[in-house]
$ cat structure-v6.cif   # mmCIF, C-alpha atoms and all ligand atoms
data_model
loop_
_atom_site.label_atom_id
_atom_site.label_comp_id
_atom_site.auth_asym_id
_atom_site.auth_seq_id
_atom_site.Cartn_x
_atom_site.Cartn_y
_atom_site.Cartn_z
CA MET B 418 90.78 89.02 122.42
CA ARG B 419 88.94 89.13 119.10
CA LEU B 420 88.82 92.53 117.35
CA LEU B 421 86.58 93.80 114.57
CA LEU B 422 87.99 96.86 112.79
CA ILE B 423 85.42 99.20 111.28
CA GLY B 424 87.29 101.59 108.98
CA PHE B 425 90.61 100.60 107.44
CA GLY B 426 92.20 103.94 106.57
CA ASN B 427 95.23 105.57 108.23
CA LEU B 428 94.43 104.43 111.75
CA GLY B 429 92.94 101.02 110.92
CA ARG B 430 95.99 100.08 108.85
CA GLY B 431 98.36 101.51 111.48
CA LEU B 432 96.67 99.36 114.10
CA ALA B 433 96.95 96.28 111.89
CA ARG B 434 100.70 96.94 111.46
CA SER B 435 101.19 97.25 115.24
CA ILE B 436 99.28 94.01 115.88
CA LEU B 437 101.34 92.27 113.19
CA GLU B 438 104.48 93.12 115.14
CA GLY B 439 103.19 90.81 117.88
CA GLY B 440 105.12 91.37 121.09
CA LYS B 441 102.85 92.73 123.74
CA PHE B 442 99.95 92.76 121.26
CA LYS B 443 100.18 89.01 120.63
CA ASP B 444 96.84 88.36 122.37
CA LEU B 445 94.94 90.56 119.92
CA LYS B 446 93.35 88.67 117.04
CA VAL B 447 91.60 90.58 114.26
CA VAL B 448 88.53 88.58 113.18
CA GLY B 449 87.01 91.18 110.87
CA ILE B 450 87.83 94.29 108.86
CA VAL B 451 85.25 96.46 107.12
CA ASP B 452 85.65 99.59 105.04
CA GLU B 453 83.13 101.59 103.05
CA ARG B 454 83.06 99.09 100.17
CA GLY B 455 82.78 95.84 102.09
CA GLY B 456 84.83 93.64 104.32
CA VAL B 457 86.20 90.35 105.44
CA LEU B 458 85.25 88.19 108.44
CA ASN B 459 87.10 85.14 109.71
CA ASP B 460 86.63 83.75 113.22
CA GLU B 461 90.04 82.07 112.96
CA GLY B 462 91.74 85.43 112.45
CA ILE B 463 92.44 87.55 109.39
CA GLU B 464 95.80 87.32 107.64
CA LEU B 465 96.75 90.95 108.36
CA ARG B 466 99.71 91.13 105.98
CA GLN B 467 97.42 90.12 103.12
CA ALA B 468 94.70 92.54 104.26
CA LEU B 469 97.19 95.41 104.23
CA GLU B 470 98.48 94.44 100.79
CA VAL B 471 94.97 94.11 99.35
CA ALA B 472 93.85 97.40 100.90
CA GLU B 473 96.92 99.18 99.46
CA SER B 474 96.71 97.64 95.99
CA GLU B 475 92.92 97.46 95.52
CA GLY B 476 91.85 100.38 97.73
CA SER B 477 89.58 98.15 99.84
CA VAL B 478 89.70 94.96 101.92
CA ALA B 479 86.40 93.98 100.29
CA LYS B 480 88.50 92.40 97.52
CA MET B 481 89.55 89.62 99.91
CA GLY B 482 86.09 89.10 101.38
CA ILE B 483 82.58 90.30 100.67
CA GLU B 484 81.90 93.31 98.44
CA GLY B 485 79.05 95.36 99.90
CA LEU B 486 79.23 93.87 103.40
CA SER B 487 78.07 96.66 105.68
CA ALA B 488 79.65 97.47 109.02
CA VAL B 489 76.31 96.89 110.79
CA GLU B 490 75.98 93.41 109.23
CA ALA B 491 79.57 92.63 110.19
CA ILE B 492 79.08 93.80 113.78
CA ARG B 493 75.92 91.66 114.11
CA GLU B 494 77.46 88.57 112.50
CA SER B 495 80.91 88.68 114.06
CA ASP B 496 81.75 87.00 117.35
CA ALA B 497 84.31 89.73 118.12
CA ASP B 498 84.75 90.83 121.73
CA LEU B 499 85.70 94.37 120.79
CA VAL B 500 84.78 96.70 117.92
CA VAL B 501 87.32 99.38 116.99
CA GLU B 502 85.34 102.16 115.28
CA LEU B 503 87.56 104.23 112.94
CA THR B 504 85.27 105.74 110.31
CA PRO B 505 85.33 109.45 109.34
CA THR B 506 84.07 112.02 111.83
CA ASN B 507 80.72 113.69 111.25
CA ILE B 508 79.89 116.19 113.99
CA LYS B 509 76.41 116.99 112.62
CA THR B 510 74.91 113.48 112.73
CA GLY B 511 77.62 111.33 114.30
CA GLU B 512 77.10 108.86 111.43
CA PRO B 513 78.06 106.32 110.33
CA GLY B 514 80.02 105.81 113.54
CA LEU B 515 77.06 106.39 115.87
CA THR B 516 75.06 103.48 114.41
CA HIS B 517 78.17 101.28 114.43
CA ILE B 518 78.88 102.00 118.10
CA ARG B 519 75.22 101.57 119.11
CA THR B 520 75.04 98.24 117.29
CA ALA B 521 78.29 97.03 118.84
CA LEU B 522 77.23 97.94 122.37
CA GLU B 523 73.71 96.53 121.88
CA THR B 524 75.23 93.21 120.79
CA GLY B 525 77.39 93.10 123.92
CA LYS B 526 80.73 94.10 122.38
CA HIS B 527 83.27 96.48 123.92
CA VAL B 528 83.99 99.57 121.82
CA VAL B 529 87.18 101.61 121.34
CA THR B 530 87.02 104.62 119.04
CA SER B 531 88.92 107.68 117.83
CA ASN B 532 85.80 109.11 116.18
CA LYS B 533 84.61 112.32 117.88
CA GLY B 534 81.28 112.52 116.02
CA PRO B 535 79.28 109.90 117.96
CA LEU B 536 80.58 111.27 121.28
CA VAL B 537 79.68 114.85 120.47
CA ILE B 538 76.15 113.82 119.46
CA ALA B 539 75.27 111.06 121.94
CA PHE B 540 77.82 110.74 124.73
CA ARG B 541 75.39 110.08 127.58
CA GLU B 542 73.27 107.63 125.59
CA LEU B 543 76.31 105.57 124.55
CA GLN B 544 77.77 105.56 128.02
CA LYS B 545 74.46 104.38 129.52
CA LEU B 546 74.07 101.72 126.85
CA ALA B 547 77.58 100.40 127.52
CA SER B 548 77.00 100.22 131.23
CA SER B 549 73.57 98.54 130.82
CA LYS B 550 75.22 95.88 128.65
CA GLY B 551 78.20 95.47 131.00
CA VAL B 552 80.74 96.35 128.31
CA GLN B 553 83.44 98.99 128.05
CA PHE B 554 83.30 102.08 125.88
CA LYS B 555 86.66 103.84 125.47
CA TYR B 556 87.52 106.96 123.53
CA SER B 557 90.93 108.28 124.77
CA ALA B 558 92.02 108.79 121.17
CA THR B 559 89.32 111.42 120.55
CA VAL B 560 91.03 114.08 122.70
CA GLY B 561 94.70 114.94 122.95
CA GLY B 562 96.08 112.15 120.74
CA ALA B 563 98.78 110.37 122.71
CA ILE B 564 98.27 112.46 125.86
CA PRO B 565 96.42 110.33 128.43
CA VAL B 566 94.01 113.15 129.31
CA ILE B 567 91.01 111.02 130.21
CA SER B 568 92.84 108.35 132.18
CA LEU B 569 94.79 110.98 134.12
CA ALA B 570 91.53 112.80 134.87
CA ARG B 571 89.99 109.59 136.23
CA ARG B 572 92.95 109.12 138.55
CA LEU B 573 92.86 112.75 139.68
CA ALA B 574 89.11 112.60 140.32
CA SER B 575 89.49 109.56 142.56
CA GLY B 576 91.40 111.50 145.23
CA ASP B 577 90.55 115.08 144.43
CA GLU B 578 87.81 117.14 142.80
CA ILE B 579 88.26 118.44 139.26
CA LEU B 580 86.82 121.94 139.28
CA GLY B 581 87.57 122.75 135.67
CA VAL B 582 89.56 121.84 132.61
CA ARG B 583 91.09 124.03 129.95
CA GLY B 584 93.58 123.51 127.23
CA VAL B 585 95.12 123.89 123.83
CA LEU B 586 93.25 121.08 122.11
CA ASN B 587 93.92 121.75 118.44
CA GLY B 588 97.43 121.33 117.05
CA THR B 589 96.70 123.05 113.73
CA THR B 590 95.65 126.38 115.25
CA ASN B 591 98.49 126.19 117.75
CA TYR B 592 100.96 125.69 114.91
CA ILE B 593 99.47 128.69 113.06
CA LEU B 594 99.61 130.98 116.10
CA THR B 595 103.14 129.84 116.97
CA ARG B 596 104.51 130.64 113.52
CA MET B 597 102.64 133.95 113.33
CA GLU B 598 104.16 134.91 116.67
CA ARG B 599 107.72 133.73 116.01
CA GLU B 600 108.02 134.88 112.40
CA GLY B 601 105.53 137.76 112.23
CA LEU B 602 103.78 136.06 109.28
CA SER B 603 100.16 136.66 108.31
CA GLN B 604 97.58 133.97 109.03
CA ASP B 605 96.92 133.33 105.31
CA VAL B 606 100.59 132.62 104.59
CA VAL B 607 100.96 130.24 107.54
CA ILE B 608 97.73 128.39 106.70
CA ARG B 609 98.90 127.85 103.11
CA GLU B 610 102.23 126.48 104.33
CA ALA B 611 100.53 124.31 106.94
CA GLN B 612 98.32 122.87 104.18
CA GLU B 613 101.39 122.09 102.06
CA LEU B 614 102.97 120.31 105.05
CA GLY B 615 99.77 118.31 105.71
CA ILE B 616 99.32 119.98 109.12
CA ALA B 617 96.14 121.82 108.05
CA GLU B 618 93.22 120.28 106.13
CA LYS B 619 92.32 121.50 102.62
CA ASP B 620 89.36 123.16 104.33
CA PRO B 621 90.70 124.21 107.74
CA THR B 622 87.44 125.90 108.83
CA LEU B 623 86.65 123.45 111.65
CA ASP B 624 90.06 124.11 113.17
CA ILE B 625 90.32 127.87 112.57
CA GLU B 626 86.78 128.58 113.76
CA GLY B 627 87.37 126.66 116.99
CA ILE B 628 84.80 123.95 116.28
CA ASP B 629 87.25 121.04 116.58
CA THR B 630 88.41 122.43 119.93
CA ALA B 631 84.77 122.77 121.03
CA CYS B 632 84.02 119.13 120.12
CA LYS B 633 86.94 117.96 122.26
CA LEU B 634 85.83 120.24 125.08
CA VAL B 635 82.33 118.71 124.98
CA ILE B 636 83.85 115.21 125.26
CA LEU B 637 86.02 116.32 128.20
CA ALA B 638 83.15 118.07 129.99
CA ASN B 639 80.83 115.08 129.63
CA SER B 640 83.41 112.49 130.55
CA ILE B 641 85.48 114.09 133.28
CA LEU B 642 83.29 116.88 134.68
CA ASP B 643 80.20 114.67 134.58
CA MET B 644 78.27 117.33 132.65
CA ASP B 645 75.61 116.68 130.02
CA VAL B 646 76.43 119.20 127.29
CA LYS B 647 76.27 119.45 123.53
CA LEU B 648 78.23 121.43 120.96
CA SER B 649 75.49 124.10 120.98
CA ASP B 650 76.28 124.74 124.68
CA VAL B 651 79.78 126.01 123.80
CA LYS B 652 80.41 129.71 123.09
CA ILE B 653 82.90 129.58 120.25
CA THR B 654 85.28 132.20 118.83
CA GLY B 655 88.04 131.04 116.50
CA ILE B 656 91.42 132.57 115.67
CA SER B 657 90.61 134.17 112.31
CA ARG B 658 90.82 137.71 113.73
CA ILE B 659 94.17 137.22 115.45
CA SER B 660 96.89 139.22 113.68
CA PRO B 661 100.70 139.08 114.00
CA GLU B 662 100.47 142.59 115.49
CA ALA B 663 98.16 141.36 118.27
CA LEU B 664 100.61 138.56 119.06
CA LYS B 665 103.50 141.05 119.13
CA LEU B 666 101.67 143.41 121.50
CA ALA B 667 100.73 140.50 123.76
CA ARG B 668 104.34 139.33 123.87
CA GLU B 669 105.59 142.79 124.81
CA ALA B 670 103.22 142.63 127.79
CA GLY B 671 104.47 139.16 128.86
CA TYR B 672 101.75 137.06 127.22
CA THR B 673 101.07 134.89 124.24
CA ILE B 674 97.69 134.23 122.61
CA LYS B 675 96.38 130.65 122.51
CA LEU B 676 93.09 129.16 121.36
CA ILE B 677 91.84 127.84 124.68
CA GLY B 678 88.88 125.59 125.39
CA ASN B 679 87.62 126.10 128.93
CA ALA B 680 85.00 124.09 130.82
CA ASP B 681 83.77 124.31 134.38
CA LYS B 682 80.41 124.27 136.14
CA LYS B 683 79.78 127.86 134.94
CA GLY B 684 79.90 126.83 131.30
CA LEU B 685 82.00 126.08 128.26
CA ASP B 686 83.79 128.39 125.87
CA VAL B 687 86.45 128.34 123.19
CA ARG B 688 88.24 131.57 122.40
CA PRO B 689 91.68 133.10 121.95
CA ARG B 690 93.00 133.97 125.41
CA LEU B 691 96.07 135.65 126.79
CA VAL B 692 98.39 133.10 128.41
CA PRO B 693 101.40 134.22 130.49
CA LEU B 694 104.63 133.38 128.68
CA ASP B 695 105.81 131.23 131.60
CA HIS B 696 102.55 129.24 131.93
CA PRO B 697 102.71 125.53 130.98
CA LEU B 698 99.85 126.05 128.50
CA ASN B 699 102.29 128.14 126.44
CA ILE B 700 103.36 125.25 124.21
CA GLY B 701 104.57 125.66 120.64
CA GLY B 702 103.94 124.08 117.24
CA THR B 703 101.44 121.26 116.93
CA LEU B 704 101.59 120.33 120.61
CA ASN B 705 98.46 120.11 122.76
CA ALA B 706 98.26 120.82 126.48
CA VAL B 707 95.53 120.27 129.04
CA SER B 708 95.34 121.86 132.44
CA PHE B 709 93.13 120.56 135.26
CA ARG B 710 92.00 122.87 138.06
CA LEU B 711 91.68 120.84 141.25
CA ARG B 712 90.37 121.47 144.75
CA TYR B 713 93.49 120.16 146.53
CA ALA B 714 96.25 119.72 143.95
CA ARG B 715 95.46 123.20 142.51
CA GLU B 716 96.68 122.81 138.94
CA ILE B 717 98.15 119.99 136.87
CA THR B 718 99.08 120.43 133.22
CA ILE B 719 100.15 117.80 130.72
CA SER B 720 101.28 118.27 127.15
CA GLY B 721 102.23 116.16 124.16
CA PHE B 722 101.42 115.46 120.55
CA GLY B 723 97.67 115.77 120.11
CA ALA B 724 97.17 114.30 116.65
CA GLY B 725 98.79 112.24 113.94
CA PRO B 726 98.32 108.55 113.14
CA ALA B 727 101.19 107.24 115.31
CA GLU B 728 100.20 109.28 118.35
CA THR B 729 96.52 108.41 117.98
CA SER B 730 97.36 104.73 117.53
CA SER B 731 99.20 104.78 120.83
CA ALA B 732 96.01 105.98 122.54
CA LEU B 733 93.86 103.42 120.69
CA LEU B 734 96.19 100.58 121.64
CA ALA B 735 96.28 101.73 125.26
CA ASP B 736 92.46 101.59 125.35
CA ILE B 737 92.41 98.17 123.67
CA MET B 738 95.00 96.79 126.09
CA GLU B 739 92.98 98.13 129.04
CA VAL B 740 89.90 96.29 127.81
CA LEU B 741 92.01 93.16 127.36
CA ALA B 742 93.47 93.48 130.87
CA SER B 743 90.02 93.74 132.43
CA SER B 744 88.38 90.95 130.40
CA PRO B 745 88.39 87.26 131.18
CA ALA B 746 90.78 85.40 128.85
CA SER B 747 89.20 85.11 125.40
N1 LIG K 1 94.37 110.15 111.47
C1 LIG K 1 94.54 110.74 112.64
O1 LIG K 1 95.63 111.15 112.99
C2 LIG K 1 93.36 110.89 113.60
C3 LIG K 1 93.58 111.47 114.86
C4 LIG K 1 92.51 111.55 115.76
C5 LIG K 1 91.25 111.11 115.39
N2 LIG K 1 91.07 110.58 114.12
C6 LIG K 1 89.73 110.10 113.77
O2 LIG K 1 89.78 108.69 113.61
C7 LIG K 1 88.89 108.27 112.58
C8 LIG K 1 89.67 107.50 111.53
O3 LIG K 1 90.70 108.32 111.02
P1 LIG K 1 91.56 107.87 109.75
O4 LIG K 1 92.62 108.90 109.60
O5 LIG K 1 91.93 106.45 109.84
O6 LIG K 1 90.46 108.06 108.60
P2 LIG K 1 90.55 107.57 107.07
O7 LIG K 1 91.96 107.31 106.68
O8 LIG K 1 89.73 108.52 106.29
O9 LIG K 1 89.79 106.15 107.10
C9 LIG K 1 88.42 106.05 107.30
C10 LIG K 1 88.00 104.62 106.98
O10 LIG K 1 86.60 104.48 107.25
C11 LIG K 1 86.01 103.78 106.17
N3 LIG K 1 84.58 104.06 106.09
C12 LIG K 1 83.94 105.19 105.71
N4 LIG K 1 82.60 105.03 105.80
C13 LIG K 1 82.40 103.75 106.23
C14 LIG K 1 81.25 102.98 106.50
N5 LIG K 1 80.02 103.48 106.35
N6 LIG K 1 81.42 101.70 106.92
C15 LIG K 1 82.65 101.15 107.08
N7 LIG K 1 83.79 101.86 106.85
C16 LIG K 1 83.66 103.14 106.42
C17 LIG K 1 86.77 104.23 104.95
O11 LIG K 1 86.56 103.30 103.91
P3 LIG K 1 87.17 103.52 102.43
O12 LIG K 1 88.66 103.25 102.60
O13 LIG K 1 86.50 102.45 101.63
O14 LIG K 1 86.83 104.90 102.06
C18 LIG K 1 88.20 104.20 105.53
O15 LIG K 1 88.70 102.89 105.48
C19 LIG K 1 88.23 109.56 112.06
O16 LIG K 1 87.01 109.74 112.73
C20 LIG K 1 89.23 110.64 112.44
O17 LIG K 1 88.61 111.89 112.60
C21 LIG K 1 92.10 110.46 113.24
#
$ encode --input "structure-v6.cif" --output "structure tokens"
Amino acid sequence: MRLLLIGFGNLGRGLARSILEGGKFKDLKVVGIVDERGGVLNDEGIELRQALEVAESEGSVAKMGIEGLSAVEAIRESDADLVVELTPTNIKTGEPGLTHIRTALETGKHVVTSNKGPLVIAFRELQKLASSKGVQFKYSATVGGAIPVISLARRLASGDEILGVRGVLNGTTNYILTRMEREGLSQDVVIREAQELGIAEKDPTLDIEGIDTACKLVILANSILDMDVKLSDVKITGISRISPEALKLAREAGYTIKLIGNADKKGLDVRPRLVPLDHPLNIGGTLNAVSFRLRYAREITISGFGAGPAETSSALLADIMEVLASSPAS
């Protein structure tokens, strides 16, 4: 299967390294790579080792191809079967990823992405477009990193009814709350340390204020609860007012406090909630956990590493391999 990579940063390069290893990925051929400065197209397959070296040394793959080549031009010109969209997330406009995904689907190409922006802005539209063109649109990597939340939900929904979904969907805030609870540290101190360790962004507002969790909740609600909701439909309260004292009091009463995203037919909210200490959503550090409420099976919870390039790559590759498995040989 012929792949066109749009975005060649952490994840794009990680993907290229995995494909280079061959093995079970031997049927994946990269026929194009584009970053912000330009790109390279070759129907015979790109020399990935060289692309990685050029990207590392020159800061862009454009140096081995066409400076100024835009992703939209590349998507239109390329004969790729599948576009992997890996540009930065923008939750206000969805761009540039939204236009890239639209163009790919319109030109009959499957799409795999880890970019939340386009899904938060235009989930229903993109899903309809994919189905009208008879191509696949996969986005497992946008929620829960390596945890197969969306594929598990599909399986559960086939024999049961998912009544609701809730979870710890942001590793950064979970790390902060865990350390505040275990070490009695103030939020400011833990955030500074998390930034030094690369766990929190320079500007952690989207995490702390619960917006990242809300974006993931919107994707889950639209994809597995068959809702049609936007970010503005989520009532959001972040963790900024949670103190070490509150965590201590909660613990004395048999609870911890987690930033929980919750979605069911009644609505969507993100807020700090009390979680019993023995509940499977009580996970520590940067872990994520998602709990499905089901008509027959009652409750199923899964947890794992929700972010990070390696974990996210595993979800991207799983999506790509699923498209490959369901496509005629190409
Ligand atoms: N890294 C993770 O662990 C992780 C986890 C989950 C989800 N995600 C999401 O996955 C996506 C990719 O993440 P990443 O860590 O790989 O990001 P990254 O390292 O910042 O790389 C982004 C890439 O997109 C390119 N780009 C920006 N604008 C473009 C445009 N208009 N046309 C073509 N290429 C463009 C950049 O080009 P230049 O190199 O020229 O700037 C860069 O190569 C993001 O949406 C991120 O939120 C990441």
$ atom_distance --input "structure-v6.cif" --atom1 "CA of Ala558 (chain B)" --atom2 "CA of Val529 (chain B)"
8.7 Å
$ residues_around --input "structure-v6.cif" --residues "region 637-654 of chain B" --least-positions-apart "2" --cutoff "6 Å" --atoms "all atoms listed in the file" --output "list in words"
Leu634, Val635, Leu685, Asp686, Val687 and Arg688 of chain B
$ axis_aligned_box --input "structure-v6.cif" --around "ligand LIG 1 (chain K)" --padding-each-side "8 Å" --output "AutoDock Vina command-line options"
--center_x 87.8 --center_y 106.5 --center_z 108.7 --size_x 31.6 --size_y 26.7 --size_z 30.1
$ residues_near_ligand --input "structure-v6.cif" --ligand "ligand LIG 1 (chain K)" --cutoff "9 Å" --atoms "all atoms listed in the file" --output "PyMOL selection string"
chain B and resi 422-431+450-456+472+476-479+486-489+502-507+512-514+517+530-534+558-562+723-730
$ write_last_selection --input "structure-v6.cif" --atoms "C-alpha atoms" --output "JSON list (two decimals), keeping the file's coordinate frame"
[["chain", "number", "residue", "atom", "x", "y", "z"],
["B", 422, "LEU", "CA", 87.99, 96.86, 112.79],
["B", 423, "ILE", "CA", 85.42, 99.20, 111.28],
["B", 424, "GLY", "CA", 87.29, 101.59, 108.98],
["B", 425, "PHE", "CA", 90.61, 100.60, 107.44],
["B", 426, "GLY", "CA", 92.20, 103.94, 106.57],
["B", 427, "ASN", "CA", 95.23, 105.57, 108.23],
["B", 428, "LEU", "CA", 94.43, 104.43, 111.75],
["B", 429, "GLY", "CA", 92.94, 101.02, 110.92],
["B", 430, "ARG", "CA", 95.99, 100.08, 108.85],
["B", 431, "GLY", "CA", 98.36, 101.51, 111.48],
["B", 450, "ILE", "CA", 87.83, 94.29, 108.86],
["B", 451, "VAL", "CA", 85.25, 96.46, 107.12],
["B", 452, "ASP", "CA", 85.65, 99.59, 105.04],
["B", 453, "GLU", "CA", 83.13, 101.59, 103.05],
["B", 454, "ARG", "CA", 83.06, 99.09, 100.17],
["B", 455, "GLY", "CA", 82.78, 95.84, 102.09],
["B", 456, "GLY", "CA", 84.83, 93.64, 104.32],
["B", 472, "ALA", "CA", 93.85, 97.40, 100.90],
["B", 476, "GLY", "CA", 91.85, 100.38, 97.73],
["B", 477, "SER", "CA", 89.58, 98.15, 99.84],
["B", 478, "VAL", "CA", 89.70, 94.96, 101.92],
["B", 479, "ALA", "CA", 86.40, 93.98, 100.29],
["B", 486, "LEU", "CA", 79.23, 93.87, 103.40],
["B", 487, "SER", "CA", 78.07, 96.66, 105.68],
["B", 488, "ALA", "CA", 79.65, 97.47, 109.02],
["B", 489, "VAL", "CA", 76.31, 96.89, 110.79],
["B", 502, "GLU", "CA", 85.34, 102.16, 115.28],
["B", 503, "LEU", "CA", 87.56, 104.23, 112.94],
["B", 504, "THR", "CA", 85.27, 105.74, 110.31],
["B", 505, "PRO", "CA", 85.33, 109.45, 109.34],
["B", 506, "THR", "CA", 84.07, 112.02, 111.83],
["B", 507, "ASN", "CA", 80.72, 113.69, 111.25],
["B", 512, "GLU", "CA", 77.10, 108.86, 111.43],
["B", 513, "PRO", "CA", 78.06, 106.32, 110.33],
["B", 514, "GLY", "CA", 80.02, 105.81, 113.54],
["B", 517, "HIS", "CA", 78.17, 101.28, 114.43],
["B", 530, "THR", "CA", 87.02, 104.62, 119.04],
["B", 531, "SER", "CA", 88.92, 107.68, 117.83],
["B", 532, "ASN", "CA", 85.80, 109.11, 116.18],
["B", 533, "LYS", "CA", 84.61, 112.32, 117.88],
["B", 534, "GLY", "CA", 81.28, 112.52, 116.02],
["B", 558, "ALA", "CA", 92.02, 108.79, 121.17],
["B", 559, "THR", "CA", 89.32, 111.42, 120.55],
["B", 560, "VAL", "CA", 91.03, 114.08, 122.70],
["B", 561, "GLY", "CA", 94.70, 114.94, 122.95],
["B", 562, "GLY", "CA", 96.08, 112.15, 120.74],
["B", 723, "GLY", "CA", 97.67, 115.77, 120.11],
["B", 724, "ALA", "CA", 97.17, 114.30, 116.65],
["B", 725, "GLY", "CA", 98.79, 112.24, 113.94],
["B", 726, "PRO", "CA", 98.32, 108.55, 113.14],
["B", 727, "ALA", "CA", 101.19, 107.24, 115.31],
["B", 728, "GLU", "CA", 100.20, 109.28, 118.35],
["B", 729, "THR", "CA", 96.52, 108.41, 117.98],
["B", 730, "SER", "CA", 97.36, 104.73, 117.53]]
$ closest_residue --input "structure-v6.cif" --among "B:Ile608, B:Leu421, B:Ile463, B:Leu623" --to "Leu499 (chain B)" --atoms "only C-alpha atoms"
B:Leu421
$ residues_around --input "structure-v6.cif" --residues "region 571-584 of chain B" --least-positions-apart "4" --cutoff "10 Å" --atoms "only C-alpha atoms" --output "ChimeraX atom specification"
/B:561,566-567,630,633-634,637-638,640-642,675-687,698-699,705-720
$ atom_distance --input "structure-v6.cif" --atom1 "CA of Lys509 (chain B)" --atom2 "CA of Pro535 (chain B)"
9.3 Å
$ build_atoms --input "structure-v6.cif" --residues "region 663-677 of chain B" --atoms "N, CA, C and O atoms" --output "mmCIF file, in the coordinates of the input"
data_model
loop_
_atom_site.group_PDB
_atom_site.id
_atom_site.type_symbol
_atom_site.label_atom_id
_atom_site.label_comp_id
_atom_site.auth_asym_id
_atom_site.auth_seq_id
_atom_site.Cartn_x
_atom_site.Cartn_y
_atom_site.Cartn_z
ATOM 1 N N ALA B 663 98.756 141.661 116.957
ATOM 2 C CA ALA B 663 98.160 141.360 118.270
ATOM 3 C C ALA B 663 99.095 140.454 119.076
ATOM 4 O O ALA B 663 99.300 140.650 120.283
ATOM 5 N N LEU B 664 99.693 139.490 118.380
ATOM 6 C CA LEU B 664 100.610 138.560 119.060
ATOM 7 C C LEU B 664 101.854 139.312 119.561
ATOM 8 O O LEU B 664 102.363 139.053 120.653
ATOM 9 N N LYS B 665 102.307 140.275 118.759
ATOM 10 C CA LYS B 665 103.500 141.050 119.130
ATOM 11 C C LYS B 665 103.203 141.910 120.367
ATOM 12 O O LYS B 665 103.987 141.936 121.324
ATOM 13 N N LEU B 666 102.044 142.561 120.352
ATOM 14 C CA LEU B 666 101.670 143.410 121.500
ATOM 15 C C LEU B 666 101.527 142.571 122.772
ATOM 16 O O LEU B 666 101.984 142.962 123.846
ATOM 17 N N ALA B 667 100.908 141.384 122.609
ATOM 18 C CA ALA B 667 100.730 140.500 123.760
ATOM 19 C C ALA B 667 102.094 140.112 124.322
ATOM 20 O O ALA B 667 102.316 140.157 125.534
ATOM 21 N N ARG B 668 103.004 139.776 123.432
ATOM 22 C CA ARG B 668 104.340 139.330 123.870
ATOM 23 C C ARG B 668 105.062 140.443 124.633
ATOM 24 O O ARG B 668 105.706 140.203 125.650
ATOM 25 N N GLU B 669 104.919 141.656 124.131
ATOM 26 C CA GLU B 669 105.590 142.790 124.810
ATOM 27 C C GLU B 669 105.060 142.958 126.238
ATOM 28 O O GLU B 669 105.756 143.441 127.117
ATOM 29 N N ALA B 670 103.805 142.511 126.452
ATOM 30 C CA ALA B 670 103.220 142.630 127.790
ATOM 31 C C ALA B 670 103.423 141.359 128.622
ATOM 32 O O ALA B 670 102.881 141.229 129.715
ATOM 33 N N GLY B 671 104.187 140.379 128.087
ATOM 34 C CA GLY B 671 104.470 139.160 128.860
ATOM 35 C C GLY B 671 103.492 138.030 128.618
ATOM 36 O O GLY B 671 103.412 137.094 129.430
ATOM 37 N N TYR B 672 102.751 138.094 127.505
ATOM 38 C CA TYR B 672 101.750 137.060 127.220
ATOM 39 C C TYR B 672 101.915 136.515 125.801
ATOM 40 O O TYR B 672 102.528 137.144 124.949
ATOM 41 N N THR B 673 101.282 135.347 125.598
ATOM 42 C CA THR B 673 101.070 134.890 124.240
ATOM 43 C C THR B 673 99.553 134.736 124.062
ATOM 44 O O THR B 673 98.795 134.864 125.031
ATOM 45 N N ILE B 674 99.120 134.472 122.821
ATOM 46 C CA ILE B 674 97.690 134.230 122.610
ATOM 47 C C ILE B 674 97.513 132.791 122.151
ATOM 48 O O ILE B 674 98.179 132.342 121.212
ATOM 49 N N LYS B 675 96.654 132.049 122.847
ATOM 50 C CA LYS B 675 96.380 130.650 122.510
ATOM 51 C C LYS B 675 94.882 130.469 122.324
ATOM 52 O O LYS B 675 94.089 131.141 123.007
ATOM 53 N N LEU B 676 94.517 129.515 121.462
ATOM 54 C CA LEU B 676 93.090 129.160 121.360
ATOM 55 C C LEU B 676 92.815 128.173 122.496
ATOM 56 O O LEU B 676 93.307 127.036 122.487
ATOM 57 N N ILE B 677 92.042 128.631 123.463
ATOM 58 C CA ILE B 677 91.840 127.840 124.680
ATOM 59 C C ILE B 677 90.373 127.386 124.779
ATOM 60 O O ILE B 677 89.443 128.186 124.636
#
